[in-house]
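**Student:** entry_15.pdb is reproduced in full below (PDB, C-alpha atoms).
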```pdb
MODEL        1
ATOM      1  CA  MET A  23     -39.071 157.681  97.958
ATOM      2  CA  GLY A  24     -42.141 156.664  95.931
ATOM      3  CA  LYS A  25     -42.027 154.639  92.737
ATOM      4  CA  VAL A  26     -41.578 156.792  89.617
ATOM      5  CA  LYS A  27     -44.697 156.733  87.434
ATOM      6  CA  PRO A  28     -44.283 155.843  83.758
ATOM      7  CA  LEU A  29     -44.757 158.570  81.163
ATOM      8  CA  LEU A  30     -46.786 156.244  78.923
ATOM      9  CA  GLU A  31     -48.908 153.422  80.361
ATOM     10  CA  ILE A  32     -50.542 150.952  77.965
ATOM     11  CA  GLU A  33     -52.807 148.384  79.624
ATOM     12  CA  ASP A  34     -54.826 145.606  77.987
ATOM     13  CA  VAL A  35     -55.220 147.491  74.705
ATOM     14  CA  ARG A  36     -57.274 145.669  72.067
ATOM     15  CA  THR A  37     -57.742 146.924  68.524
ATOM     16  CA  HIS A  38     -60.145 144.828  66.458
ATOM     17  CA  PHE A  39     -61.337 145.281  62.888
ATOM     18  CA  HIS A  40     -64.731 144.101  61.701
ATOM     19  CA  THR A  41     -64.337 142.763  58.162
ATOM     20  CA  GLU A  42     -66.525 140.866  55.719
ATOM     21  CA  LYS A  43     -64.591 137.684  56.552
ATOM     22  CA  GLY A  44     -64.852 138.121  60.331
ATOM     23  CA  LEU A  45     -63.209 139.787  63.325
ATOM     24  CA  VAL A  46     -59.488 140.578  62.986
ATOM     25  CA  LYS A  47     -57.783 140.906  66.386
ATOM     26  CA  ALA A  48     -54.853 143.043  65.220
ATOM     27  CA  VAL A  49     -53.895 144.011  68.791
ATOM     28  CA  ASP A  50     -55.114 141.672  71.517
ATOM     29  CA  GLY A  51     -54.459 142.610  75.139
ATOM     30  CA  VAL A  52     -51.167 144.520  74.827
ATOM     31  CA  SER A  53     -49.641 146.068  77.970
ATOM     32  CA  PHE A  54     -46.329 147.877  78.530
ATOM     33  CA  THR A  55     -44.923 151.111  79.965
ATOM     34  CA  VAL A  56     -42.426 153.767  78.839
ATOM     35  CA  HIS A  57     -40.622 155.804  81.489
ATOM     36  CA  GLN A  58     -39.191 159.308  81.181
ATOM     37  CA  GLY A  59     -36.064 159.305  79.005
ATOM     38  CA  GLU A  60     -36.454 155.621  78.126
ATOM     39  CA  THR A  61     -36.403 153.998  74.674
ATOM     40  CA  VAL A  62     -38.775 151.040  74.338
ATOM     41  CA  CYS A  63     -38.636 148.944  71.159
ATOM     42  CA  ILE A  64     -41.558 146.868  69.879
ATOM     43  CA  VAL A  65     -40.276 144.044  67.670
ATOM     44  CA  GLY A  66     -41.862 141.283  65.618
ATOM     45  CA  GLU A  67     -42.629 140.129  62.092
ATOM     46  CA  SER A  68     -44.759 142.141  59.674
ATOM     47  CA  GLY A  69     -48.431 141.880  60.605
ATOM     48  CA  CYS A  70     -47.860 141.221  64.317
ATOM     49  CA  GLY A  71     -49.623 144.433  65.390
ATOM     50  CA  LYS A  72     -46.695 146.814  66.013
ATOM     51  CA  SER A  73     -47.919 149.685  63.835
ATOM     52  CA  VAL A  74     -51.567 149.228  64.821
ATOM     53  CA  THR A  75     -50.503 149.544  68.476
ATOM     54  CA  ALA A  76     -48.822 152.889  67.681
ATOM     55  CA  LEU A  77     -51.809 154.151  65.676
ATOM     56  CA  SER A  78     -54.131 153.151  68.537
ATOM     57  CA  ILE A  79     -52.058 155.183  71.011
ATOM     58  CA  MET A  80     -52.211 158.192  68.667
ATOM     59  CA  ASP A  81     -56.000 157.753  68.191
ATOM     60  CA  LEU A  82     -55.565 157.311  64.439
ATOM     61  CA  ILE A  83     -57.681 154.173  64.072
ATOM     62  CA  SER A  84     -60.838 154.871  62.092
ATOM     63  CA  GLY A  85     -63.500 153.143  60.039
ATOM     64  CA  ALA A  86     -64.107 149.518  60.967
ATOM     65  CA  GLY A  87     -61.594 149.539  63.833
ATOM     66  CA  SER A  88     -62.548 149.528  67.512
ATOM     67  CA  VAL A  89     -60.113 150.227  70.367
ATOM     68  CA  SER A  90     -60.483 149.312  74.042
ATOM     69  CA  GLY A  91     -58.228 149.269  77.108
ATOM     70  CA  SER A  92     -56.329 152.003  78.929
ATOM     71  CA  MET A  93     -53.715 154.389  77.483
ATOM     72  CA  LYS A  94     -52.313 157.045  79.808
ATOM     73  CA  LEU A  95     -49.829 159.810  78.989
ATOM     74  CA  ALA A  96     -48.367 161.492  82.091
ATOM     75  CA  GLY A  97     -51.358 160.161  84.049
ATOM     76  CA  THR A  98     -54.007 161.453  81.595
ATOM     77  CA  GLU A  99     -56.303 158.780  80.186
ATOM     78  CA  LEU A 100     -56.198 159.337  76.418
ATOM     79  CA  ARG A 101     -59.245 157.173  75.702
ATOM     80  CA  THR A 102     -61.605 159.543  77.519
ATOM     81  CA  LEU A 103     -60.412 162.739  75.806
ATOM     82  CA  SER A 104     -62.521 164.563  73.240
ATOM     83  CA  LYS A 105     -61.307 164.666  69.623
ATOM     84  CA  GLY A 106     -60.255 168.297  70.107
ATOM     85  CA  ASP A 107     -58.266 167.574  73.282
ATOM     86  CA  MET A 108     -56.605 164.577  71.666
ATOM     87  CA  ARG A 109     -55.668 166.698  68.641
ATOM     88  CA  ARG A 110     -53.964 169.160  70.993
ATOM     89  CA  ILE A 111     -51.981 166.359  72.660
ATOM     90  CA  ARG A 112     -50.944 164.936  69.274
ATOM     91  CA  GLY A 113     -48.029 167.079  68.202
ATOM     92  CA  ASN A 114     -47.632 168.938  71.488
ATOM     93  CA  GLU A 115     -47.187 166.178  74.074
ATOM     94  CA  MET A 116     -46.853 163.173  71.802
ATOM     95  CA  ALA A 117     -45.689 162.955  68.187
ATOM     96  CA  MET A 118     -45.202 160.207  65.605
ATOM     97  CA  ILE A 119     -42.749 159.599  62.772
ATOM     98  CA  PHE A 120     -44.503 157.471  60.177
ATOM     99  CA  GLN A 121     -43.008 154.579  58.248
ATOM    100  CA  GLU A 122     -43.062 156.020  54.720
ATOM    101  CA  PRO A 123     -42.109 159.719  54.540
ATOM    102  CA  MET A 124     -43.013 160.023  50.846
ATOM    103  CA  SER A 125     -46.603 158.924  51.479
ATOM    104  CA  SER A 126     -46.873 160.852  54.773
ATOM    105  CA  LEU A 127     -46.012 164.252  53.275
ATOM    106  CA  ASN A 128     -48.364 166.156  50.956
ATOM    107  CA  PRO A 129     -46.790 166.086  47.461
ATOM    108  CA  VAL A 130     -48.398 169.391  46.339
ATOM    109  CA  LEU A 131     -47.228 171.464  49.327
ATOM    110  CA  SER A 132     -43.662 172.636  49.873
ATOM    111  CA  ILE A 133     -41.666 171.380  52.857
ATOM    112  CA  GLY A 134     -41.859 174.876  54.351
ATOM    113  CA  GLU A 135     -45.658 175.025  54.099
ATOM    114  CA  GLN A 136     -46.033 171.668  55.843
ATOM    115  CA  LEU A 137     -43.499 172.408  58.582
ATOM    116  CA  VAL A 138     -44.758 175.939  59.272
ATOM    117  CA  GLU A 139     -48.402 174.767  59.289
ATOM    118  CA  THR A 140     -47.606 172.226  62.008
ATOM    119  CA  ILE A 141     -45.927 174.887  64.167
ATOM    120  CA  LEU A 142     -48.786 177.385  63.680
ATOM    121  CA  ASN A 143     -51.416 174.748  64.561
ATOM    122  CA  HIS A 144     -49.785 173.838  67.864
ATOM    123  CA  THR A 145     -48.207 177.076  69.093
ATOM    124  CA  THR A 146     -49.028 180.788  69.449
ATOM    125  CA  LEU A 147     -46.101 181.854  67.246
ATOM    126  CA  SER A 148     -46.615 184.282  64.375
ATOM    127  CA  LYS A 149     -46.017 183.146  60.791
ATOM    128  CA  LYS A 150     -42.623 184.889  60.768
ATOM    129  CA  GLU A 151     -41.614 183.257  64.067
ATOM    130  CA  ALA A 152     -42.869 179.877  62.832
ATOM    131  CA  LYS A 153     -40.693 180.145  59.715
ATOM    132  CA  ALA A 154     -37.665 181.030  61.850
ATOM    133  CA  LYS A 155     -38.352 177.978  64.018
ATOM    134  CA  ALA A 156     -38.740 175.822  60.882
ATOM    135  CA  LEU A 157     -35.269 176.921  59.758
ATOM    136  CA  ASP A 158     -33.876 176.067  63.203
ATOM    137  CA  LEU A 159     -35.469 172.600  62.991
ATOM    138  CA  ILE A 160     -33.998 171.991  59.528
ATOM    139  CA  GLU A 161     -30.575 172.762  60.986
ATOM    140  CA  LEU A 162     -31.294 170.645  64.081
ATOM    141  CA  VAL A 163     -31.919 167.488  62.010
ATOM    142  CA  GLY A 164     -28.697 167.983  60.082
ATOM    143  CA  ILE A 165     -29.823 169.434  56.749
ATOM    144  CA  GLY A 166     -28.083 172.497  55.328
ATOM    145  CA  ARG A 167     -29.453 175.199  52.995
ATOM    146  CA  GLY A 168     -32.579 175.773  55.098
ATOM    147  CA  GLU A 169     -34.180 178.405  52.862
ATOM    148  CA  HIS A 170     -33.775 176.169  49.808
ATOM    149  CA  ILE A 171     -35.211 173.140  51.646
ATOM    150  CA  LEU A 172     -38.300 175.076  52.791
ATOM    151  CA  LYS A 173     -39.077 175.947  49.169
ATOM    152  CA  SER A 174     -38.552 172.372  47.941
ATOM    153  CA  TYR A 175     -41.244 169.717  47.396
ATOM    154  CA  PRO A 176     -41.111 166.106  48.677
ATOM    155  CA  HIS A 177     -40.350 164.602  45.240
ATOM    156  CA  GLN A 178     -37.230 166.766  44.989
ATOM    157  CA  MET A 179     -35.638 165.179  48.068
ATOM    158  CA  SER A 180     -34.015 161.831  48.868
ATOM    159  CA  GLY A 181     -35.507 159.284  51.270
ATOM    160  CA  GLY A 182     -32.996 160.131  53.979
ATOM    161  CA  MET A 183     -33.715 163.859  53.731
ATOM    162  CA  LEU A 184     -37.467 163.240  53.795
ATOM    163  CA  GLN A 185     -37.102 161.147  56.939
ATOM    164  CA  ARG A 186     -35.184 164.012  58.551
ATOM    165  CA  ILE A 187     -38.024 166.367  57.573
ATOM    166  CA  MET A 188     -40.509 163.966  59.220
ATOM    167  CA  ILE A 189     -38.366 164.044  62.371
ATOM    168  CA  ALA A 190     -38.298 167.859  62.243
ATOM    169  CA  ILE A 191     -42.102 167.982  61.978
ATOM    170  CA  ALA A 192     -42.472 165.513  64.873
ATOM    171  CA  LEU A 193     -40.105 167.554  67.071
ATOM    172  CA  SER A 194     -41.548 170.951  66.146
ATOM    173  CA  CYS A 195     -43.487 171.290  69.404
ATOM    174  CA  ASN A 196     -41.005 169.567  71.751
ATOM    175  CA  PRO A 197     -43.087 166.452  72.557
ATOM    176  CA  LYS A 198     -42.444 164.432  75.720
ATOM    177  CA  MET A 199     -43.174 161.179  73.881
ATOM    178  CA  LEU A 200     -41.937 160.317  70.381
ATOM    179  CA  ILE A 201     -43.311 157.285  68.527
ATOM    180  CA  ALA A 202     -41.171 156.194  65.559
ATOM    181  CA  ASP A 203     -42.725 153.562  63.286
ATOM    182  CA  GLU A 204     -39.855 151.819  61.480
ATOM    183  CA  PRO A 205     -38.176 155.146  60.634
ATOM    184  CA  THR A 206     -35.261 153.491  58.798
ATOM    185  CA  THR A 207     -37.059 150.766  56.806
ATOM    186  CA  ALA A 208     -36.793 152.275  53.310
ATOM    187  CA  LEU A 209     -33.267 153.665  53.758
ATOM    188  CA  ASP A 210     -29.856 152.228  52.919
ATOM    189  CA  VAL A 211     -27.591 151.060  55.738
ATOM    190  CA  THR A 212     -25.448 154.213  55.940
ATOM    191  CA  ILE A 213     -28.476 156.532  56.105
ATOM    192  CA  GLN A 214     -30.154 154.185  58.620
ATOM    193  CA  ALA A 215     -27.202 154.623  60.977
ATOM    194  CA  GLN A 216     -27.307 158.421  60.553
ATOM    195  CA  ILE A 217     -31.057 158.567  61.307
ATOM    196  CA  LEU A 218     -30.690 156.351  64.401
ATOM    197  CA  ASP A 219     -27.778 158.444  65.697
ATOM    198  CA  LEU A 220     -29.831 161.587  65.067
ATOM    199  CA  LEU A 221     -32.857 160.225  66.951
ATOM    200  CA  GLN A 222     -30.686 159.196  69.898
ATOM    201  CA  ALA A 223     -28.961 162.585  70.035
ATOM    202  CA  LEU A 224     -32.238 164.521  69.792
ATOM    203  CA  LYS A 225     -33.872 162.282  72.404
ATOM    204  CA  GLU A 226     -31.086 163.011  74.893
ATOM    205  CA  GLU A 227     -30.902 166.717  73.999
ATOM    206  CA  GLN A 228     -34.657 167.253  74.376
ATOM    207  CA  GLN A 229     -35.101 164.717  77.219
ATOM    208  CA  MET A 230     -37.781 162.775  75.369
ATOM    209  CA  SER A 231     -39.016 159.234  75.744
ATOM    210  CA  MET A 232     -39.193 157.111  72.602
ATOM    211  CA  LEU A 233     -41.317 154.183  71.463
ATOM    212  CA  LEU A 234     -39.513 152.672  68.479
ATOM    213  CA  ILE A 235     -41.205 150.102  66.251
ATOM    214  CA  THR A 236     -38.893 147.885  64.242
ATOM    215  CA  HIS A 237     -38.238 144.367  62.951
ATOM    216  CA  ASP A 238     -34.475 144.955  62.913
ATOM    217  CA  LEU A 239     -32.775 143.410  65.958
ATOM    218  CA  GLY A 240     -29.587 145.324  65.157
ATOM    219  CA  VAL A 241     -31.502 148.560  65.703
ATOM    220  CA  VAL A 242     -32.951 147.177  68.955
ATOM    221  CA  ALA A 243     -29.505 146.258  70.297
ATOM    222  CA  GLU A 244     -28.201 149.737  69.516
ATOM    223  CA  VAL A 245     -30.927 151.978  70.944
ATOM    224  CA  ALA A 246     -33.327 150.088  73.241
ATOM    225  CA  ASP A 247     -33.529 150.180  77.027
ATOM    226  CA  TYR A 248     -36.519 147.834  77.125
ATOM    227  CA  VAL A 249     -37.940 145.425  74.519
ATOM    228  CA  VAL A 250     -41.513 144.256  73.814
ATOM    229  CA  VAL A 251     -41.772 141.220  71.502
ATOM    230  CA  MET A 252     -45.112 140.830  69.704
ATOM    231  CA  TYR A 253     -46.550 137.888  67.803
ATOM    232  CA  ALA A 254     -49.997 137.682  66.170
ATOM    233  CA  GLY A 255     -51.316 140.714  68.071
ATOM    234  CA  LYS A 256     -50.069 139.667  71.517
ATOM    235  CA  VAL A 257     -47.040 140.458  73.672
ATOM    236  CA  ILE A 258     -45.198 137.162  74.126
ATOM    237  CA  GLU A 259     -42.067 138.444  75.878
ATOM    238  CA  LYS A 260     -40.810 141.714  77.338
ATOM    239  CA  GLY A 261     -37.817 142.757  79.374
ATOM    240  CA  LYS A 262     -34.665 144.847  79.585
ATOM    241  CA  VAL A 263     -32.668 144.777  76.355
ATOM    242  CA  ASP A 264     -29.681 142.964  77.918
ATOM    243  CA  ASP A 265     -31.927 140.237  79.346
ATOM    244  CA  ILE A 266     -33.717 139.724  76.010
ATOM    245  CA  PHE A 267     -30.460 139.381  74.050
ATOM    246  CA  GLU A 268     -28.453 137.442  76.643
ATOM    247  CA  SER A 269     -31.222 135.202  77.968
ATOM    248  CA  PRO A 270     -34.248 135.063  75.605
ATOM    249  CA  LYS A 271     -37.039 132.852  76.940
ATOM    250  CA  HIS A 272     -39.763 132.474  74.310
ATOM    251  CA  PRO A 273     -38.974 130.086  71.407
ATOM    252  CA  TYR A 274     -40.086 132.823  68.986
ATOM    253  CA  THR A 275     -37.639 135.372  70.454
ATOM    254  CA  LYS A 276     -34.877 132.755  70.304
ATOM    255  CA  GLY A 277     -35.778 132.108  66.656
ATOM    256  CA  LEU A 278     -35.593 135.807  65.803
ATOM    257  CA  LEU A 279     -32.136 136.072  67.371
ATOM    258  CA  GLN A 280     -30.937 132.890  65.633
ATOM    259  CA  ALA A 281     -32.089 134.248  62.273
ATOM    260  CA  LYS A 282     -29.961 137.381  62.610
ATOM    261  CA  PRO A 283     -26.698 137.310  60.618
ATOM    262  CA  ILE A 284     -23.559 137.697  62.751
ATOM    263  CA  LEU A 285     -20.653 139.781  61.491
ATOM    264  CA  GLY A 286     -17.606 137.566  60.834
ATOM    265  CA  SER A 287     -19.629 134.330  60.976
ATOM    266  CA  ARG A 288     -19.694 132.246  57.776
ATOM    267  CA  LYS A 289     -22.917 130.320  57.188
ATOM    268  CA  HIS A 290     -24.214 128.818  53.950
ATOM    269  CA  LYS A 291     -27.798 129.303  55.101
ATOM    270  CA  LEU A 292     -29.343 131.526  57.776
ATOM    271  CA  TYR A 293     -31.747 130.001  60.276
ATOM    272  CA  THR A 294     -35.441 130.506  59.508
ATOM    273  CA  ILE A 295     -38.400 129.971  61.814
ATOM    274  CA  PRO A 296     -40.496 127.177  60.260
ATOM    275  CA  GLY A 297     -44.136 127.731  59.248
ATOM    276  CA  GLN A 298     -46.144 130.905  58.773
ATOM    277  CA  VAL A 299     -47.631 133.614  60.968
ATOM    278  CA  PRO A 300     -51.282 132.601  61.613
ATOM    279  CA  GLN A 301     -54.189 134.421  59.995
ATOM    280  CA  LEU A 302     -55.690 136.856  62.513
ATOM    281  CA  LEU A 303     -59.239 135.733  61.685
ATOM    282  CA  ASP A 304     -60.929 133.440  64.222
ATOM    283  CA  LEU A 305     -57.763 132.530  66.090
ATOM    284  CA  PRO A 306     -58.031 129.488  68.415
ATOM    285  CA  GLU A 307     -57.832 129.665  72.211
ATOM    286  CA  SER A 308     -54.284 128.290  72.240
ATOM    287  CA  CYS A 309     -50.681 129.431  71.899
ATOM    288  CA  TYR A 310     -50.555 131.086  68.463
ATOM    289  CA  PHE A 311     -46.948 129.960  68.017
ATOM    290  CA  ALA A 312     -47.703 126.275  68.774
ATOM    291  CA  ASP A 313     -47.581 124.944  65.193
ATOM    292  CA  ARG A 314     -44.166 126.574  64.595
ATOM    293  CA  CYS A 315     -42.589 125.591  67.902
ATOM    294  CA  GLU A 316     -40.228 122.640  68.380
ATOM    295  CA  HIS A 317     -41.154 122.501  72.081
ATOM    296  CA  CYS A 318     -44.937 122.257  71.507
ATOM    297  CA  MET A 319     -46.822 120.303  74.207
ATOM    298  CA  ASP A 320     -50.458 119.204  74.443
ATOM    299  CA  ILE A 321     -51.412 122.200  76.588
ATOM    300  CA  CYS A 322     -49.980 124.580  73.947
ATOM    301  CA  THR A 323     -52.665 123.515  71.445
ATOM    302  CA  SER A 324     -55.566 123.885  73.877
ATOM    303  CA  LYS A 325     -54.854 126.873  76.135
ATOM    304  CA  ALA A 326     -53.102 130.227  75.665
ATOM    305  CA  PRO A 327     -50.324 131.067  78.174
ATOM    306  CA  THR A 328     -50.293 134.453  79.899
ATOM    307  CA  LEU A 329     -47.290 136.653  80.679
ATOM    308  CA  THR A 330     -45.464 135.683  83.867
ATOM    309  CA  GLU A 331     -42.200 136.941  85.349
ATOM    310  CA  GLU A 332     -39.299 134.605  84.607
ATOM    311  CA  GLY A 333     -35.679 134.797  85.745
ATOM    312  CA  GLN A 334     -34.617 138.439  85.855
ATOM    313  CA  LYS A 335     -36.821 141.138  87.359
ATOM    314  CA  GLN A 336     -39.073 142.814  84.753
ATOM    315  CA  HIS A 337     -38.498 139.905  82.336
ATOM    316  CA  GLU A 338     -41.870 138.365  81.413
ATOM    317  CA  VAL A 339     -42.718 135.590  78.972
ATOM    318  CA  ALA A 340     -45.934 133.916  77.770
ATOM    319  CA  CYS A 341     -44.885 130.278  77.325
ATOM    320  CA  TRP A 342     -45.907 126.983  78.944
ATOM    321  CA  LEU A 343     -42.247 125.863  79.121
ATOM    322  CA  TYR A 344     -41.865 127.984  82.257
ATOM    323  CA  ARG A 345     -45.061 126.915  84.020
ATOM    324  CA  GLU A 346     -44.400 123.268  84.868
ATOM    325  CA  LYS A 347     -47.019 122.963  87.625
ATOM    326  CA  GLU A 348     -49.865 124.044  85.339
ATOM    327  CA  VAL A 349     -48.591 121.813  82.498
ATOM    328  CA  VAL A 350     -48.532 118.767  84.827
ATOM    329  CA  GLN A 351     -52.078 119.482  86.013
TER
ENDMDL
END
```
Starting from the file, give its structure as C-alpha cells.

**Tutor:**
Amino acid sequence: MGKVKPLLEIEDVRTHFHTEKGLVKAVDGVSFTVHQGETVCIVGESGCGKSVTALSIMDLISGAGSVSGSMKLAGTELRTLSKGDMRRIRGNEMAMIFQEPMSSLNPVLSIGEQLVETILNHTTLSKKEAKAKALDLIELVGIGRGEHILKSYPHQMSGGMLQRIMIAIALSCNPKMLIADEPTTALDVTIQAQILDLLQALKEEQQMSMLLITHDLGVVAEVADYVVVMYAGKVIEKGKVDDIFESPKHPYTKGLLQAKPILGSRKHKLYTIPGQVPQLLDLPESCYFADRCEHCMDICTSKAPTLTEEGQKQHEVACWLYREKEVVQ
C-alpha cells in the first residue's frame, strides 16, 4: 500500500516584505504538511510569522510582500494558479477564519447579506436556497433564532457569536481545509472552550483538515495531532503533539512549556524566557535564539542550524545541541 499523500503540502515558503528600513523576512523557509482529517497547530510568540504563513497559503499577501516556495492543496500547486482559479479554491476547497471577527465582517451589511453573498459566490444555489442554507449554518454553529440573526448587524452581536458567524461563513461551501488564525484570542475562557469544541465537532462531522494558529499551549494540547513551533519566521521544531509535550527538544519550546501555568501548582512567579524576539530586519546568519538561550555555544552565534530528525519519528528540531559531530568540527 502506497504512502498517503498530504492534503496540504508547504515546502520552503518564504514571505518577505520590502520596507523603507530594509528586507523583513516574515516567513523564511517554512515547510510542513497537513494530512486528511488532521489538526496541525502552529505555535509561537507574536510576530513569529504564524499569521503571515496562513495569509501566504490563502494568497492574501499584497503590496510590498513577495512569496516564494511551493504550496500544494490535494496535489494542485497553488502558486501557479491564476487569480480567478485561486479565488474559486478560496472558500470552496480551502477557507480561513480570521483573528478578529469584528474587523473581518462588514459593519454596514447584515449578517444575512454577508453569509448569503458567500454562498452565492461559490455555489450555483438560488438566492432562496442560499438563504435556507444560511439558516442551516446558523443552527450548525449553535446559534438560535436564525431569522433574527440574519437581519442583525455585527455591532449588535457579542464576540463569541461573531466568531461563530465567521465559522459559519468559512464552512458555507464545505471546504476540505480550514485555516483558523487564533479564533479564540479575543474571547473569554468559557467561550473559548465552546468555540474549540465546536471546531472539533464540525471538523469530525465534515471530515475536514484544520491548520490552527495559536500562542496558547492549552489549546494545542487539547486539539492538535501535530505541532509546528515557529520563531522569528522559521520552523525550529515540529512533531506529534505527544512528543512535543512529553519530550520537547528546542530550548525555546522548553521555555514555552515552562512558562505555562499548571493547574494546582502554586508559584509566586511564572517562568519567562529571557531577552526579546529579534527584529526581522537584516537578521544574522546564526541561530536567532542564541542570545536568549542558556545553552548557547560558539557555533550558535556563527551558523544557523537546520531541521534534523531527533528521537521519535517525525520529530524534527533545529538546534546545535543535537548535532555534536558538526559542533566538534

**Student:** Show which residues sit within 7 Å of stretch 46-54 of chain A, as a VMD selection string. Count all atoms listed in the file, and ignore same-chain residues fewer than 4 positions away.

**Tutor:** chain A and resid 31 to 40 71 74 to 75 255 to 257 302 to 303

**Student:** Using only C-alpha atoms, determine which residues lie at most 12 Å from stretch 268-281 of chain A, disregarding the query and same-chain residues fewer than 3 positions distant; provide the list as an NGL selection string.

**Tutor:** :A and (65-67 or 237-240 or 242-243 or 249-254 or 257-265 or 284 or 289 or 291-297 or 299 or 309-318 or 327 or 329-334 or 337-344)

**Student:** Keeping only C-alpha atoms, write the selected residues as a compact mmCIF listing (two decimals), keeping the file's coordinate frame.

**Tutor:**
```
# COMPACT_ATOMS: atom_id res chain seq x y z
CA VAL A 65 -40.28 144.04 67.67
CA GLY A 66 -41.86 141.28 65.62
CA GLU A 67 -42.63 140.13 62.09
CA HIS A 237 -38.24 144.37 62.95
CA ASP A 238 -34.48 144.96 62.91
CA LEU A 239 -32.78 143.41 65.96
CA GLY A 240 -29.59 145.32 65.16
CA VAL A 242 -32.95 147.18 68.96
CA ALA A 243 -29.50 146.26 70.30
CA VAL A 249 -37.94 145.43 74.52
CA VAL A 250 -41.51 144.26 73.81
CA VAL A 251 -41.77 141.22 71.50
CA MET A 252 -45.11 140.83 69.70
CA TYR A 253 -46.55 137.89 67.80
CA ALA A 254 -50.00 137.68 66.17
CA VAL A 257 -47.04 140.46 73.67
CA ILE A 258 -45.20 137.16 74.13
CA GLU A 259 -42.07 138.44 75.88
CA LYS A 260 -40.81 141.71 77.34
CA GLY A 261 -37.82 142.76 79.37
CA LYS A 262 -34.66 144.85 79.58
CA VAL A 263 -32.67 144.78 76.36
CA ASP A 264 -29.68 142.96 77.92
CA ASP A 265 -31.93 140.24 79.35
CA ILE A 284 -23.56 137.70 62.75
CA LYS A 289 -22.92 130.32 57.19
CA LYS A 291 -27.80 129.30 55.10
CA LEU A 292 -29.34 131.53 57.78
CA TYR A 293 -31.75 130.00 60.28
CA THR A 294 -35.44 130.51 59.51
CA ILE A 295 -38.40 129.97 61.81
CA PRO A 296 -40.50 127.18 60.26
CA GLY A 297 -44.14 127.73 59.25
CA VAL A 299 -47.63 133.61 60.97
CA CYS A 309 -50.68 129.43 71.90
CA TYR A 310 -50.56 131.09 68.46
CA PHE A 311 -46.95 129.96 68.02
CA ALA A 312 -47.70 126.28 68.77
CA ASP A 313 -47.58 124.94 65.19
CA ARG A 314 -44.17 126.57 64.60
CA CYS A 315 -42.59 125.59 67.90
CA GLU A 316 -40.23 122.64 68.38
CA HIS A 317 -41.15 122.50 72.08
CA CYS A 318 -44.94 122.26 71.51
CA PRO A 327 -50.32 131.07 78.17
CA LEU A 329 -47.29 136.65 80.68
CA THR A 330 -45.46 135.68 83.87
CA GLU A 331 -42.20 136.94 85.35
CA GLU A 332 -39.30 134.60 84.61
CA GLY A 333 -35.68 134.80 85.74
CA GLN A 334 -34.62 138.44 85.86
CA HIS A 337 -38.50 139.90 82.34
CA GLU A 338 -41.87 138.36 81.41
CA VAL A 339 -42.72 135.59 78.97
CA ALA A 340 -45.93 133.92 77.77
CA CYS A 341 -44.88 130.28 77.32
CA TRP A 342 -45.91 126.98 78.94
CA LEU A 343 -42.25 125.86 79.12
CA TYR A 344 -41.86 127.98 82.26
```

**Student:** Determine, counting all atoms listed in the file, which protein, DNA and RNA residues have an atom within 12 Å of an atom of A:Asp219; residues of the same chain fewer than 3 positions away are not included. Present the result as number ranges by chain.

**Tutor:** A: 163-164, 186, 206, 212-216, 222-226, 241, 244-245

**Student:** Take the PyMOL selection byres ((chain A and resi 81) around 10), apply it to the structure above, and return the hits as an mmCIF file with C-alpha atoms, in the frame of the given file.

**Tutor:**
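As a result, result_6.cif now contains:
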```cif
data_model
loop_
_atom_site.group_PDB
_atom_site.id
_atom_site.type_symbol
_atom_site.label_atom_id
_atom_site.label_comp_id
_atom_site.auth_asym_id
_atom_site.auth_seq_id
_atom_site.Cartn_x
_atom_site.Cartn_y
_atom_site.Cartn_z
ATOM 1 C CA THR A 75 -50.503 149.544 68.476
ATOM 2 C CA ALA A 76 -48.822 152.889 67.681
ATOM 3 C CA LEU A 77 -51.809 154.151 65.676
ATOM 4 C CA SER A 78 -54.131 153.151 68.537
ATOM 5 C CA ILE A 79 -52.058 155.183 71.011
ATOM 6 C CA MET A 80 -52.211 158.192 68.667
ATOM 7 C CA LEU A 82 -55.565 157.311 64.439
ATOM 8 C CA ILE A 83 -57.681 154.173 64.072
ATOM 9 C CA SER A 84 -60.838 154.871 62.092
ATOM 10 C CA VAL A 89 -60.113 150.227 70.367
ATOM 11 C CA LEU A 100 -56.198 159.337 76.418
ATOM 12 C CA ARG A 101 -59.245 157.173 75.702
ATOM 13 C CA LYS A 105 -61.307 164.666 69.623
ATOM 14 C CA MET A 108 -56.605 164.577 71.666
ATOM 15 C CA ARG A 109 -55.668 166.698 68.641
ATOM 16 C CA ARG A 112 -50.944 164.936 69.274
#
```

**Student:** When distances are computed from all atoms listed in the file, which of A:Glu115, A:Glu169, A:Glu139, A:Glu151 shows the smallest separation from A:Pro197?

**Tutor:**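 Of the candidates, the smallest distance to A:Pro197 is held by A:Glu115.
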